[in-house]
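File shown: my_file-v4.cif. Contents: mmCIF, C-alpha atoms (C1' of nucleotides).
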```cif
data_upload
loop_
_atom_site.label_atom_id
_atom_site.label_comp_id
_atom_site.auth_asym_id
_atom_site.auth_seq_id
_atom_site.Cartn_x
_atom_site.Cartn_y
_atom_site.Cartn_z
CA MET D 153 5.75 55.88 15.20
CA GLU D 154 8.06 52.85 15.32
CA GLU D 155 5.53 50.51 13.72
CA ARG D 156 6.92 47.03 14.18
CA ASN D 157 6.01 43.94 12.19
CA GLU D 158 5.16 40.96 14.39
CA LEU D 159 7.32 38.77 12.18
CA MET D 160 10.47 40.72 12.97
CA CYS D 161 12.88 39.48 15.52
CA ASP D 162 14.17 41.72 18.31
CA GLU D 163 16.44 44.70 17.81
CA SER D 164 19.49 42.49 17.77
CA CYS D 165 19.55 42.34 13.98
CA SER D 166 20.25 45.08 11.53
CA HIS D 167 16.64 45.91 10.74
CA ASN D 168 15.16 49.11 9.58
CA GLU D 169 18.34 50.76 8.41
CA VAL D 170 19.78 48.03 6.23
CA VAL D 171 16.59 46.12 5.53
CA GLU D 172 14.97 49.19 4.05
CA LYS D 173 17.97 49.90 1.88
CA VAL D 174 18.05 46.37 0.51
CA ARG D 175 14.32 46.44 -0.10
CA ALA D 176 14.71 49.63 -2.10
CA ASP D 177 17.45 48.09 -4.23
CA MET D 178 15.40 44.99 -5.10
CA PRO D 179 13.96 44.71 -8.61
CA ASP D 180 10.18 44.80 -8.75
CA ASP D 181 8.25 41.59 -8.28
CA ASP D 182 7.46 41.16 -11.96
CA THR D 183 11.14 41.18 -12.84
CA LEU D 184 11.90 38.66 -10.13
CA TYR D 185 9.19 36.31 -11.37
CA GLU D 186 10.45 36.69 -14.93
CA LEU D 187 13.92 35.88 -13.73
CA ALA D 188 12.79 32.76 -11.89
CA ASP D 189 10.76 31.66 -14.90
CA LEU D 190 13.79 32.09 -17.11
CA PHE D 191 15.98 29.91 -14.90
CA LYS D 192 13.16 27.39 -14.60
CA MET D 193 13.72 26.64 -18.28
CA PHE D 194 17.26 25.50 -17.46
CA GLY D 195 16.14 23.57 -14.41
CA ASP D 196 14.89 20.47 -16.18
CA SER D 197 17.35 17.97 -17.56
CA THR D 198 15.39 17.33 -20.73
CA ARG D 199 15.24 21.02 -21.60
CA MET D 200 18.87 21.38 -20.55
CA LYS D 201 19.87 18.60 -22.94
CA ILE D 202 17.86 20.08 -25.78
CA MET D 203 19.51 23.46 -25.37
CA PHE D 204 22.93 21.88 -25.06
CA VAL D 205 22.42 20.08 -28.34
CA LEU D 206 21.21 23.22 -30.07
CA MET D 207 24.23 25.12 -28.77
CA GLU D 208 26.33 22.98 -31.06
CA GLN D 209 24.05 22.36 -33.98
CA GLU D 210 20.59 23.28 -35.18
CA MET D 211 18.61 20.10 -35.61
CA CYS D 212 15.20 18.68 -36.51
CA VAL D 213 12.88 17.39 -33.82
CA CYS D 214 13.24 13.70 -34.52
CA ASP D 215 17.04 13.92 -34.50
CA ILE D 216 16.95 15.62 -31.12
CA ALA D 217 14.71 12.86 -29.82
CA GLU D 218 16.89 10.15 -31.26
CA LEU D 219 20.12 11.71 -30.04
CA LEU D 220 18.82 12.13 -26.50
CA GLY D 221 16.90 8.87 -26.35
CA ILE D 222 13.74 10.65 -25.31
CA SER D 223 10.32 10.16 -26.90
CA GLN D 224 9.39 12.54 -29.70
CA SER D 225 6.27 13.56 -27.81
CA ALA D 226 8.19 14.51 -24.70
CA ILE D 227 10.62 16.54 -26.78
CA SER D 228 7.77 18.26 -28.55
CA HIS D 229 6.12 19.25 -25.29
CA GLN D 230 9.37 20.72 -23.99
CA LEU D 231 10.09 22.49 -27.26
CA ARG D 232 6.73 24.18 -26.95
CA ILE D 233 7.68 25.52 -23.52
CA LEU D 234 11.09 26.65 -24.72
CA LYS D 235 9.55 28.45 -27.68
CA GLN D 236 7.07 30.22 -25.43
CA SER D 237 10.04 31.47 -23.43
CA LYS D 238 11.63 32.73 -26.66
CA LEU D 239 14.73 30.67 -26.01
CA ILE D 240 14.49 28.63 -29.17
CA SER D 241 12.91 29.15 -32.58
CA SER D 242 12.21 26.88 -35.51
CA ARG D 243 11.70 26.90 -39.23
CA ARG D 244 10.24 24.34 -41.56
CA GLU D 245 12.42 22.55 -44.10
CA GLY D 246 10.34 20.15 -46.12
CA LYS D 247 8.84 17.62 -43.76
CA ASN D 248 11.05 18.61 -40.88
CA ILE D 249 11.05 21.36 -38.30
CA ILE D 250 14.54 22.64 -37.67
CA CYS D 251 15.09 24.02 -34.17
CA PHE D 252 17.76 26.49 -33.15
CA LEU D 253 18.66 28.76 -30.27
CA ALA D 254 16.83 32.07 -30.47
CA ASP D 255 18.95 33.88 -27.95
CA ASP D 256 22.66 34.25 -27.34
CA HIS D 257 22.07 34.59 -23.62
CA VAL D 258 21.38 30.86 -23.55
CA ARG D 259 25.01 30.13 -24.25
CA SER D 260 26.35 32.49 -21.65
CA ILE D 261 23.91 31.33 -18.99
CA ILE D 262 24.69 27.67 -19.57
CA ASP D 263 28.43 28.37 -19.72
CA GLN D 264 28.22 30.23 -16.44
CA GLY D 265 26.41 27.34 -14.80
CA LEU D 266 28.78 24.83 -16.29
CA SER D 267 31.82 26.60 -14.95
CA HIS D 268 30.23 26.36 -11.51
CA VAL D 269 29.42 22.67 -11.77
CA LEU D 270 32.91 21.87 -13.02
CA GLU D 271 34.32 23.64 -9.94
CA MET Y 213 25.81 -2.61 -40.38
CA GLU Y 214 23.71 0.53 -40.79
CA GLU Y 215 21.72 -0.13 -37.64
CA ARG Y 216 18.89 2.35 -37.70
CA ASN Y 217 16.84 3.44 -34.73
CA GLU Y 218 13.09 3.27 -35.35
CA LEU Y 219 12.75 6.68 -33.76
CA MET Y 220 14.84 8.32 -36.45
CA CYS Y 221 13.20 10.09 -39.32
CA ASP Y 222 14.23 9.39 -42.90
CA GLU Y 223 17.59 10.26 -44.40
CA SER Y 224 16.45 13.80 -45.09
CA CYS Y 225 18.00 15.10 -41.89
CA SER Y 226 21.64 15.36 -40.98
CA HIS Y 227 21.80 12.14 -38.96
CA ASN Y 228 24.72 9.94 -38.33
CA GLU Y 229 27.44 12.36 -39.30
CA VAL Y 230 26.43 15.38 -37.28
CA VAL Y 231 24.36 13.61 -34.64
CA GLU Y 232 27.29 11.45 -33.65
CA LYS Y 233 29.59 14.43 -33.43
CA VAL Y 234 27.19 16.35 -31.19
CA ARG Y 235 26.63 13.30 -29.02
CA ALA Y 236 30.36 12.99 -28.53
CA ASP Y 237 30.66 16.63 -27.50
CA MET Y 238 27.89 16.39 -24.88
CA PRO Y 239 28.88 16.36 -21.22
CA ASP Y 240 28.11 13.12 -19.42
CA ASP Y 241 24.65 12.64 -17.96
CA ASP Y 242 25.75 13.28 -14.38
CA THR Y 243 27.08 16.70 -15.32
CA LEU Y 244 23.88 17.55 -17.14
CA TYR Y 245 21.77 16.57 -14.13
CA GLU Y 246 23.99 18.61 -11.84
CA LEU Y 247 23.62 21.54 -14.18
CA ALA Y 248 19.83 21.26 -14.24
CA ASP Y 249 19.75 20.93 -10.46
CA LEU Y 250 21.87 24.04 -10.12
CA PHE Y 251 19.55 26.11 -12.28
CA LYS Y 252 16.55 24.63 -10.46
CA MET Y 253 17.73 26.58 -7.42
CA PHE Y 254 17.26 29.82 -9.36
CA GLY Y 255 13.94 28.71 -10.79
CA ASP Y 256 11.77 29.46 -7.77
CA SER Y 257 10.86 33.04 -6.96
CA THR Y 258 11.27 32.60 -3.22
CA ARG Y 259 14.78 31.26 -3.58
CA MET Y 260 15.51 33.87 -6.22
CA LYS Y 261 14.46 36.61 -3.81
CA ILE Y 262 16.52 35.16 -0.98
CA MET Y 263 19.64 35.07 -3.11
CA PHE Y 264 18.98 38.55 -4.42
CA VAL Y 265 18.80 39.88 -0.90
CA LEU Y 266 21.97 38.09 0.11
CA MET Y 267 23.76 39.49 -2.93
CA GLU Y 268 23.49 42.88 -1.29
CA GLN Y 269 23.71 42.09 2.38
CA GLU Y 270 24.19 39.11 4.65
CA MET Y 271 21.17 38.85 6.90
CA CYS Y 272 19.53 36.80 9.64
CA VAL Y 273 16.63 34.47 8.84
CA CYS Y 274 13.89 36.53 10.41
CA ASP Y 275 14.99 39.68 8.62
CA ILE Y 276 14.91 37.86 5.30
CA ALA Y 277 11.41 36.66 6.11
CA GLU Y 278 10.26 40.10 7.17
CA LEU Y 279 11.83 41.85 4.19
CA LEU Y 280 10.28 39.46 1.70
CA GLY Y 281 6.95 39.11 3.47
CA ILE Y 282 7.23 35.33 3.49
CA SER Y 283 6.71 33.09 6.52
CA GLN Y 284 9.77 32.18 8.54
CA SER Y 285 9.02 28.49 8.02
CA ALA Y 286 8.88 28.81 4.26
CA ILE Y 287 12.15 30.73 4.25
CA SER Y 288 13.75 28.13 6.48
CA HIS Y 289 12.72 25.30 4.19
CA GLN Y 290 14.17 27.09 1.17
CA LEU Y 291 17.35 27.99 3.03
CA ARG Y 292 17.83 24.31 3.74
CA ILE Y 293 17.66 23.50 0.05
CA LEU Y 294 20.01 26.34 -0.85
CA LYS Y 295 22.51 25.20 1.76
CA GLN Y 296 22.39 21.65 0.44
CA SER Y 297 23.28 23.06 -2.96
CA LYS Y 298 26.22 24.91 -1.40
CA LEU Y 299 24.92 28.21 -2.69
CA ILE Y 300 24.55 29.81 0.72
CA SER Y 301 26.16 29.30 4.11
CA SER Y 302 25.38 30.54 7.59
CA ARG Y 303 26.96 31.25 10.92
CA ARG Y 304 25.43 31.73 14.34
CA GLU Y 305 25.57 35.11 16.05
CA GLY Y 306 23.88 34.96 19.40
CA LYS Y 307 20.29 33.98 18.88
CA ASN Y 308 20.42 34.60 15.18
CA ILE Y 309 21.62 32.68 12.16
CA ILE Y 310 23.30 34.96 9.66
CA CYS Y 311 23.03 33.78 6.08
CA PHE Y 312 25.33 34.73 3.23
CA LEU Y 313 26.19 33.70 -0.30
CA ALA Y 314 28.66 30.84 -0.34
CA ASP Y 315 29.58 31.12 -3.97
CA ASP Y 316 30.54 33.95 -6.27
CA HIS Y 317 29.00 32.14 -9.21
CA VAL Y 318 25.61 33.06 -7.78
CA ARG Y 319 26.19 36.69 -8.62
CA SER Y 320 27.36 36.06 -12.15
CA ILE Y 321 24.57 33.61 -12.89
CA ILE Y 322 21.89 35.98 -11.64
CA ASP Y 323 23.47 38.94 -13.42
CA GLN Y 324 23.55 36.96 -16.63
CA GLY Y 325 19.87 36.09 -16.27
CA LEU Y 326 18.96 39.62 -15.32
CA SER Y 327 20.62 41.08 -18.36
CA HIS Y 328 18.49 38.75 -20.44
CA VAL Y 329 15.24 39.65 -18.71
CA LEU Y 330 15.96 43.36 -18.99
CA GLU Y 331 16.49 42.90 -22.74
"C1'" DC Q 258 -6.70 12.90 -53.50
"C1'" DT Q 259 -4.89 9.56 -50.53
"C1'" DT Q 260 -1.17 7.98 -47.90
"C1'" DT Q 261 2.88 8.63 -45.38
"C1'" DC Q 262 5.95 10.91 -42.55
"C1'" DA Q 263 7.32 14.54 -39.07
"C1'" DT Q 264 5.47 16.95 -35.59
"C1'" DG Q 265 1.86 19.04 -32.37
"C1'" DT Q 266 -1.42 18.44 -28.66
"C1'" DG Q 267 -5.01 17.09 -25.11
"C1'" DA Q 268 -6.10 13.95 -21.35
"C1'" DA Q 269 -4.68 11.13 -17.74
"C1'" DC Q 270 -1.39 9.94 -14.43
"C1'" DA Q 271 2.47 9.77 -11.24
"C1'" DT Q 272 5.97 12.85 -9.10
"C1'" DT Q 273 7.78 16.65 -7.42
"C1'" DT Q 274 7.45 20.85 -5.18
"C1'" DG Q 275 6.47 24.66 -1.95
"C1'" DC Q 276 3.61 26.01 1.50
"C1'" DT Q 277 1.19 25.80 6.24
"C1'" DC Q 278 0.73 24.10 10.76
"C1'" DA Q 279 2.38 22.14 14.77
"C1'" DT Q 280 6.12 21.09 17.26
"C1'" DG Q 281 11.17 20.30 18.20
"C1'" DT Q 282 15.93 22.20 19.10
"C1'" DG Q 283 19.24 25.27 20.76
"C1'" DT Q 284 20.55 29.85 22.75
"C1'" DT Q 285 19.90 33.67 25.58
"C1'" DT Q 286 17.76 36.15 29.32
"C1'" DA Q 287 15.16 36.71 33.57
"C1'" DT T 53 16.12 26.62 36.08
"C1'" DA T 54 12.42 28.46 33.49
"C1'" DA T 55 10.74 31.31 30.02
"C1'" DA T 56 11.35 33.66 25.67
"C1'" DC T 57 13.23 33.91 21.33
"C1'" DA T 58 15.26 32.47 16.65
"C1'" DC T 59 15.28 28.92 13.82
"C1'" DA T 60 14.65 23.92 12.08
"C1'" DT T 61 11.83 20.20 10.71
"C1'" DG T 62 8.27 16.57 9.84
"C1'" DA T 63 3.56 15.65 8.23
"C1'" DG T 64 0.00 16.84 5.33
"C1'" DC T 65 -1.86 19.02 1.39
"C1'" DA T 66 -2.69 21.55 -2.91
"C1'" DA T 67 -0.66 23.02 -7.03
"C1'" DA T 68 2.64 22.58 -10.60
"C1'" DT T 69 5.33 19.62 -13.56
"C1'" DG T 70 6.90 15.99 -16.92
"C1'" DT T 71 5.82 11.86 -19.16
"C1'" DT T 72 3.06 8.52 -21.84
"C1'" DC T 73 -0.63 7.39 -24.90
"C1'" DA T 74 -3.78 8.24 -28.38
"C1'" DC T 75 -4.92 11.02 -31.81
"C1'" DA T 76 -4.90 15.56 -34.63
"C1'" DT T 77 -2.51 18.40 -38.08
"C1'" DG T 78 -0.03 19.63 -42.04
"C1'" DA T 79 3.33 19.15 -45.73
"C1'" DA T 80 5.09 15.89 -49.20
"C1'" DA T 81 5.10 11.89 -52.13
"C1'" DG T 82 2.77 8.75 -54.84
#
```

Re-express the file's structure as structure tokens.
Amino acid sequence: MEERNELMCDESCSHNEVVEKVRADMPDDDTLYELADLFKMFGDSTRMKIMFVLMEQEMCVCDIAELLGISQSAISHQLRILKQSKLISSRREGKNIICFLADDHVRSIIDQGLSHVLE
Amino acid sequence: MEERNELMCDESCSHNEVVEKVRADMPDDDTLYELADLFKMFGDSTRMKIMFVLMEQEMCVCDIAELLGISQSAISHQLRILKQSKLISSRREGKNIICFLADDHVRSIIDQGLSHVLE
DNA sequence: CTTTCATGTGAACATTTGCTCATGTGTTTA
DNA sequence: TAAACACATGAGCAAATGTTCACATGAAAG
């Protein structure tokens, strides 16, 4: 049998044995895409700032915009994305929309990243 | 004094009091950009897959490519980015370059994300 | 009901990003 | 030394992304 993939290098590497084991232990593709999409939310500085603010204090849209010095429209677009990812939620209070973190994982993920960045 | 920013909504929201406190507690901009850049590394499925593989087993470039079914060139480009971010390192062994995780934070960050994705 | 205020949203645009393709570099083997 | 192999890299390109601008929506105040 010994069907070889043309992409593979010569027998010098580990190959079949280990490669197959690792492949078997990998999550399915859907999970991996979900995972990447989750981290993508934290990979933009505007969204990062929004989540950081909401970690400390729920806040209306215009206050977020004012605090961060970013246009209300830009904030609104990013909030939409964050809501779609179920990371933040909002409720109406009079004229304002109050935003807040929808998931406790946000804190732990950011904290984990922060502890890396701060050495 | 009472210098108001035109972006701010009316006095209905929290404003000055809370906004100023949150602003003071925010990390500086450089840290926030670093943080976003770190998470950006996890926000692409190819890089995610590479790191997932290396979490289980150090491996040469061509084996990573073969295991993931992605071209060697594409893998190489992503490895370059991951090395620049100090998330993976490599050593030469004969003709091959063996790649491995350079940072234990990688595991904890991915695990944290995974536990979110898996509910 | 009309106006105002807070927010949402589509289109257009400039960047960024990730891939392919061709080729370059460095190491081993014949 | 020459050929083969593993990997790196630059150019080019298509797709994704984030912002601005103009305008739509929806609740509240008059």

TODO: Could you check which of Y:Asp275, Y:Glu270, Y:Glu305, Y:Glu232 is closest to chain Q, using all atoms listed in the file?
DONE: Y:Glu305

Open item on the list: What's the separation between CA of Leu266 (chain D) and CA of Val265 (chain Y), in Å to one decimal place?
Closed with: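 Distance reported for this atom pair: 23.7 Å.
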
Open item on the list: When you look at region 58-63 of chain T with a cut-off of 8 Å (counting only C-alpha atoms (C1' of nucleotides)), what residues show up, excluding the ones that are within fewer than 6 positions of it in the same chain? I need them as JSON, numbers by chain.
Closed with: {"D": [161], "Y": [273, 274, 288, 307, 308, 309], "Q": [281, 282]}

- [ ] Using all atoms listed in the file, determine which residues of chain D fall within 10 Å of chain T; present them as a list in words.
- [x]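 Residues passing the distance filter: Cys161, Asp162, Asp196, Thr198, Ser223, Ser225, Ala226, His229, Gln230, Arg244, Glu245, Gly246, Lys247 and Asn248 of chain D.
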
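Nearest residue to chain Y among D:Ala188, D:Leu270, D:Met207, D:Met193 is D:Ala188, counting only C-alpha atoms.
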
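Nearest-residue note for chain Q: choosing from D:Lys201, D:Arg259, D:Arg232, D:Lys192, the minimum distance belongs to D:Arg232, counting all atoms listed in the file.
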
TODO: Return as a ChimeraX atom specification the set of residues that the PyMOL selection byres ((chain D and resi 271) around 12) yields on the displayed structure.
DONE: /D:264-270 /Y:243,246-247,298,315-317

How big is the axis-aligned box around all listed atoms of region 184-200 of chain D once 8 Å goes on each side, and where's its centre, in Å to one decimal, as lines of an AutoDock Vina configuration file?
```
center_x = 14.0
center_y = 28.0
center_z = -15.9
size_x = 25.7
size_y = 37.3
size_z = 27.5
```

Open item on the list: If I take CA of Phe252 (chain D) and CA of Met211 (chain D), how far is one from the other in Å, to one decimal?
Closed with: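 Taking CA of Phe252 (chain D) as the start and CA of Met211 (chain D) as the end point, the length is 6.9 Å.
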
Open item on the list: As a check of understanding, name the residues that the PyMOL selection byres ((chain Q) within 10 of (chain Y)) selects in the supplied structure, as a list of chain:residue names.
Closed with: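 When the PyMOL selection byres ((chain Q) within 10 of (chain Y)) is applied to the shown file, the picked residues are Q:DC262, Q:DA263, Q:DT274, Q:DG275, Q:DC276, Q:DT277, Q:DC278, Q:DG283, Q:DT284, Q:DT285.
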
Go ahead and align chain Y to chain D (same sequence, so just pair every C-alpha in order, least squares) and export the moved chain as a short mmCIF file (atom, residue, chain, number, x, y, z; two decimals) with C-alpha atoms, in the coordinates of the input.
```
data_model
loop_
_atom_site.label_atom_id
_atom_site.label_comp_id
_atom_site.auth_asym_id
_atom_site.auth_seq_id
_atom_site.Cartn_x
_atom_site.Cartn_y
_atom_site.Cartn_z
CA MET Y 213 5.61 55.81 14.72
CA GLU Y 214 7.97 52.85 15.03
CA GLU Y 215 5.49 50.43 13.51
CA ARG Y 216 6.95 47.01 14.06
CA ASN Y 217 6.03 43.88 12.17
CA GLU Y 218 5.25 40.93 14.44
CA LEU Y 219 7.37 38.74 12.20
CA MET Y 220 10.50 40.70 12.99
CA CYS Y 221 12.92 39.46 15.58
CA ASP Y 222 14.19 41.75 18.32
CA GLU Y 223 16.44 44.74 17.79
CA SER Y 224 19.51 42.52 17.78
CA CYS Y 225 19.56 42.32 14.00
CA SER Y 226 20.26 45.05 11.51
CA HIS Y 227 16.63 45.88 10.75
CA ASN Y 228 15.17 49.09 9.59
CA GLU Y 229 18.35 50.73 8.41
CA VAL Y 230 19.78 48.00 6.24
CA VAL Y 231 16.56 46.13 5.52
CA GLU Y 232 14.98 49.22 4.04
CA LYS Y 233 18.00 49.90 1.89
CA VAL Y 234 18.04 46.35 0.51
CA ARG Y 235 14.31 46.45 -0.10
CA ALA Y 236 14.74 49.62 -2.10
CA ASP Y 237 17.46 48.07 -4.23
CA MET Y 238 15.39 44.97 -5.09
CA PRO Y 239 13.95 44.70 -8.59
CA ASP Y 240 10.17 44.80 -8.74
CA ASP Y 241 8.25 41.58 -8.24
CA ASP Y 242 7.45 41.15 -11.93
CA THR Y 243 11.13 41.18 -12.81
CA LEU Y 244 11.90 38.65 -10.11
CA TYR Y 245 9.18 36.31 -11.36
CA GLU Y 246 10.43 36.66 -14.92
CA LEU Y 247 13.91 35.87 -13.71
CA ALA Y 248 12.77 32.75 -11.85
CA ASP Y 249 10.76 31.64 -14.87
CA LEU Y 250 13.79 32.08 -17.09
CA PHE Y 251 15.97 29.91 -14.88
CA LYS Y 252 13.14 27.38 -14.58
CA MET Y 253 13.73 26.65 -18.26
CA PHE Y 254 17.27 25.52 -17.44
CA GLY Y 255 16.15 23.58 -14.39
CA ASP Y 256 14.89 20.47 -16.17
CA SER Y 257 17.37 17.97 -17.55
CA THR Y 258 15.40 17.33 -20.72
CA ARG Y 259 15.27 21.01 -21.59
CA MET Y 260 18.89 21.38 -20.53
CA LYS Y 261 19.89 18.61 -22.92
CA ILE Y 262 17.87 20.09 -25.77
CA MET Y 263 19.52 23.46 -25.37
CA PHE Y 264 22.94 21.88 -25.06
CA VAL Y 265 22.44 20.08 -28.34
CA LEU Y 266 21.23 23.22 -30.06
CA MET Y 267 24.24 25.12 -28.76
CA GLU Y 268 26.34 22.99 -31.07
CA GLN Y 269 24.05 22.36 -33.99
CA GLU Y 270 20.59 23.29 -35.17
CA MET Y 271 18.61 20.11 -35.60
CA CYS Y 272 15.21 18.69 -36.51
CA VAL Y 273 12.86 17.41 -33.81
CA CYS Y 274 13.24 13.72 -34.52
CA ASP Y 275 17.02 13.93 -34.50
CA ILE Y 276 16.94 15.64 -31.13
CA ALA Y 277 14.69 12.88 -29.85
CA GLU Y 278 16.87 10.16 -31.28
CA LEU Y 279 20.11 11.71 -30.05
CA LEU Y 280 18.81 12.14 -26.52
CA GLY Y 281 16.89 8.88 -26.38
CA ILE Y 282 13.71 10.66 -25.35
CA SER Y 283 10.29 10.19 -26.95
CA GLN Y 284 9.35 12.56 -29.74
CA SER Y 285 6.23 13.59 -27.81
CA ALA Y 286 8.18 14.51 -24.71
CA ILE Y 287 10.63 16.53 -26.78
CA SER Y 288 7.78 18.27 -28.56
CA HIS Y 289 6.14 19.26 -25.30
CA GLN Y 290 9.40 20.71 -23.99
CA LEU Y 291 10.11 22.49 -27.26
CA ARG Y 292 6.75 24.19 -26.92
CA ILE Y 293 7.69 25.53 -23.51
CA LEU Y 294 11.11 26.66 -24.71
CA LYS Y 295 9.56 28.45 -27.66
CA GLN Y 296 7.09 30.22 -25.40
CA SER Y 297 10.05 31.46 -23.40
CA LYS Y 298 11.66 32.74 -26.61
CA LEU Y 299 14.75 30.67 -25.97
CA ILE Y 300 14.49 28.64 -29.15
CA SER Y 301 12.91 29.17 -32.56
CA SER Y 302 12.21 26.91 -35.50
CA ARG Y 303 11.70 26.94 -39.22
CA ARG Y 304 10.18 24.36 -41.53
CA GLU Y 305 12.34 22.56 -44.08
CA GLY Y 306 10.28 20.13 -46.06
CA LYS Y 307 8.79 17.62 -43.70
CA ASN Y 308 11.03 18.63 -40.86
CA ILE Y 309 11.05 21.39 -38.28
CA ILE Y 310 14.55 22.67 -37.66
CA CYS Y 311 15.09 24.04 -34.18
CA PHE Y 312 17.76 26.51 -33.14
CA LEU Y 313 18.68 28.76 -30.26
CA ALA Y 314 16.86 32.07 -30.45
CA ASP Y 315 18.97 33.87 -27.92
CA ASP Y 316 22.67 34.25 -27.31
CA HIS Y 317 22.07 34.59 -23.60
CA VAL Y 318 21.38 30.86 -23.54
CA ARG Y 319 25.01 30.13 -24.24
CA SER Y 320 26.36 32.49 -21.62
CA ILE Y 321 23.91 31.33 -18.97
CA ILE Y 322 24.72 27.67 -19.54
CA ASP Y 323 28.45 28.37 -19.69
CA GLN Y 324 28.22 30.25 -16.43
CA GLY Y 325 26.41 27.34 -14.80
CA LEU Y 326 28.78 24.81 -16.28
CA SER Y 327 31.82 26.59 -14.94
CA HIS Y 328 30.24 26.36 -11.52
CA VAL Y 329 29.43 22.67 -11.77
CA LEU Y 330 32.91 21.85 -13.02
CA GLU Y 331 34.34 23.66 -9.98
#
```

Task: Interatomic distance, CA of Leu250 (chain Y) to CA of Glu218 (chain D) (Å, one decimal) - done: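 Computing it gives 25.8 Å between the two atoms.
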
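Taking all atoms listed in the file into account, chain D lies nearest to Y:Gly255 out of the set Y:Val230, Y:Gly255, Y:Gln296, Y:Asp241.
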
Open item on the list: Using only C-alpha atoms for the distances, tell me which of Y:Ala314, Y:Ala236, Y:Leu291, Y:Met260 is nearest to chain D.
Closed with: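 Closest to chain D, using only C-alpha atoms: Y:Met260.
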
Task: Counting all atoms listed in the file, the residue of Y:Met263, Y:Ile321, Y:Cys311, Y:Ile287 that sits nearest chain D - done: Y:Ile321

Would you kindly place N, CA and C atoms on region 233-245 of chain Y and return the model as a PDB file, in the coordinates of the input?
```
ATOM      1  N   LYS Y 233      28.628  13.448 -33.889  1.00  0.00           N
ATOM      2  CA  LYS Y 233      29.590  14.430 -33.430  1.00  0.00           C
ATOM      3  C   LYS Y 233      29.055  15.183 -32.217  1.00  0.00           C
ATOM      4  N   VAL Y 234      27.783  15.611 -32.305  1.00  0.00           N
ATOM      5  CA  VAL Y 234      27.190  16.350 -31.190  1.00  0.00           C
ATOM      6  C   VAL Y 234      27.116  15.468 -29.957  1.00  0.00           C
ATOM      7  N   ARG Y 235      26.728  14.216 -30.152  1.00  0.00           N
ATOM      8  CA  ARG Y 235      26.630  13.300 -29.020  1.00  0.00           C
ATOM      9  C   ARG Y 235      27.972  13.175 -28.310  1.00  0.00           C
ATOM     10  N   ALA Y 236      29.030  13.139 -29.102  1.00  0.00           N
ATOM     11  CA  ALA Y 236      30.360  12.990 -28.530  1.00  0.00           C
ATOM     12  C   ALA Y 236      30.765  14.232 -27.728  1.00  0.00           C
ATOM     13  N   ASP Y 237      30.282  15.386 -28.160  1.00  0.00           N
ATOM     14  CA  ASP Y 237      30.660  16.630 -27.500  1.00  0.00           C
ATOM     15  C   ASP Y 237      29.821  16.924 -26.260  1.00  0.00           C
ATOM     16  N   MET Y 238      28.747  16.125 -26.039  1.00  0.00           N
ATOM     17  CA  MET Y 238      27.890  16.390 -24.880  1.00  0.00           C
ATOM     18  C   MET Y 238      28.581  15.994 -23.585  1.00  0.00           C
ATOM     19  N   PRO Y 239      28.365  16.771 -22.525  1.00  0.00           N
ATOM     20  CA  PRO Y 239      28.880  16.360 -21.220  1.00  0.00           C
ATOM     21  C   PRO Y 239      28.186  15.062 -20.810  1.00  0.00           C
ATOM     22  N   ASP Y 240      28.775  14.349 -19.863  1.00  0.00           N
ATOM     23  CA  ASP Y 240      28.110  13.120 -19.420  1.00  0.00           C
ATOM     24  C   ASP Y 240      26.820  13.450 -18.671  1.00  0.00           C
ATOM     25  N   ASP Y 241      25.967  12.449 -18.549  1.00  0.00           N
ATOM     26  CA  ASP Y 241      24.650  12.640 -17.960  1.00  0.00           C
ATOM     27  C   ASP Y 241      24.699  13.224 -16.550  1.00  0.00           C
ATOM     28  N   ASP Y 242      25.650  12.770 -15.745  1.00  0.00           N
ATOM     29  CA  ASP Y 242      25.750  13.280 -14.380  1.00  0.00           C
ATOM     30  C   ASP Y 242      25.950  14.786 -14.372  1.00  0.00           C
ATOM     31  N   THR Y 243      26.824  15.260 -15.232  1.00  0.00           N
ATOM     32  CA  THR Y 243      27.080  16.700 -15.320  1.00  0.00           C
ATOM     33  C   THR Y 243      25.819  17.448 -15.726  1.00  0.00           C
ATOM     34  N   LEU Y 244      25.088  16.886 -16.672  1.00  0.00           N
ATOM     35  CA  LEU Y 244      23.880  17.550 -17.140  1.00  0.00           C
ATOM     36  C   LEU Y 244      22.823  17.618 -16.027  1.00  0.00           C
ATOM     37  N   TYR Y 245      22.712  16.549 -15.240  1.00  0.00           N
ATOM     38  CA  TYR Y 245      21.770  16.570 -14.130  1.00  0.00           C
ATOM     39  C   TYR Y 245      22.187  17.582 -13.078  1.00  0.00           C
TER      40      TYR Y 245
END
```
